[in-house]
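Here is the structure we will look at.
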Amino acid sequence: MPEKKKRQYSAAQNKATQKYIKENLEEIKFRVKKGEKDRYKNAAKKSGLGSMAQFFTTAANEKIERDGLSDKE
């Protein structure tokens with residue numbers, strides 16, 4: 001059975017992606033105790049959100065809404 005070839009980004013696609021990231025996204029980094037990363041990774045997978053980033057974003061947004069912490073008025 002032939003192997004499927006992975007599509008690779010062209011240089012132009014990569015440049016466009018990097019430009020989008022620079023102009024539209026911010027990065028948040030934080031540290032957790034050893035072993036916690038796997039716990040969070042498994043929870044994100046079980047939640048169906050796909051990524052830890054989406055898992056944490058959803059959790060933070062739910063906390064903000066639940067506790068009335070939003071600065072939007």
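Labeling convention for the structure tokens: chains A, B, ... as they appear, residues from 1 per chain, ligands from 1 in order of appearance.
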
Apply DSSP to the structure's backbone, then extract all residues of region 30-72 of chain A labelled alpha helix (DSSP H) and return them as a ChimeraX atom specification. /A:36-47,52-66

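For the pair CA of Ser70 (chain A) and CA of Thr58 (chain A), the interatomic distance is 14.0 Å.
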
Contacts of Lys45 (chain A) at 12 Å or less, counting only C-alpha atoms, minus same-chain residues fewer than 6 places along, as a ChimeraX atom specification?
/A:38-39,51-56

- Task: Would you mind reading off the distance between CA of Asp67 (chain A) and CA of Leu49 (chain A), one decimal, in Å?
- Result: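 Calculated distance between CA of Asp67 (chain A) and CA of Leu49 (chain A) is 22.3 Å.
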
Taken to one decimal, the CA of Lys22 (chain A)-CA of Ser10 (chain A) distance is 18.4 Å
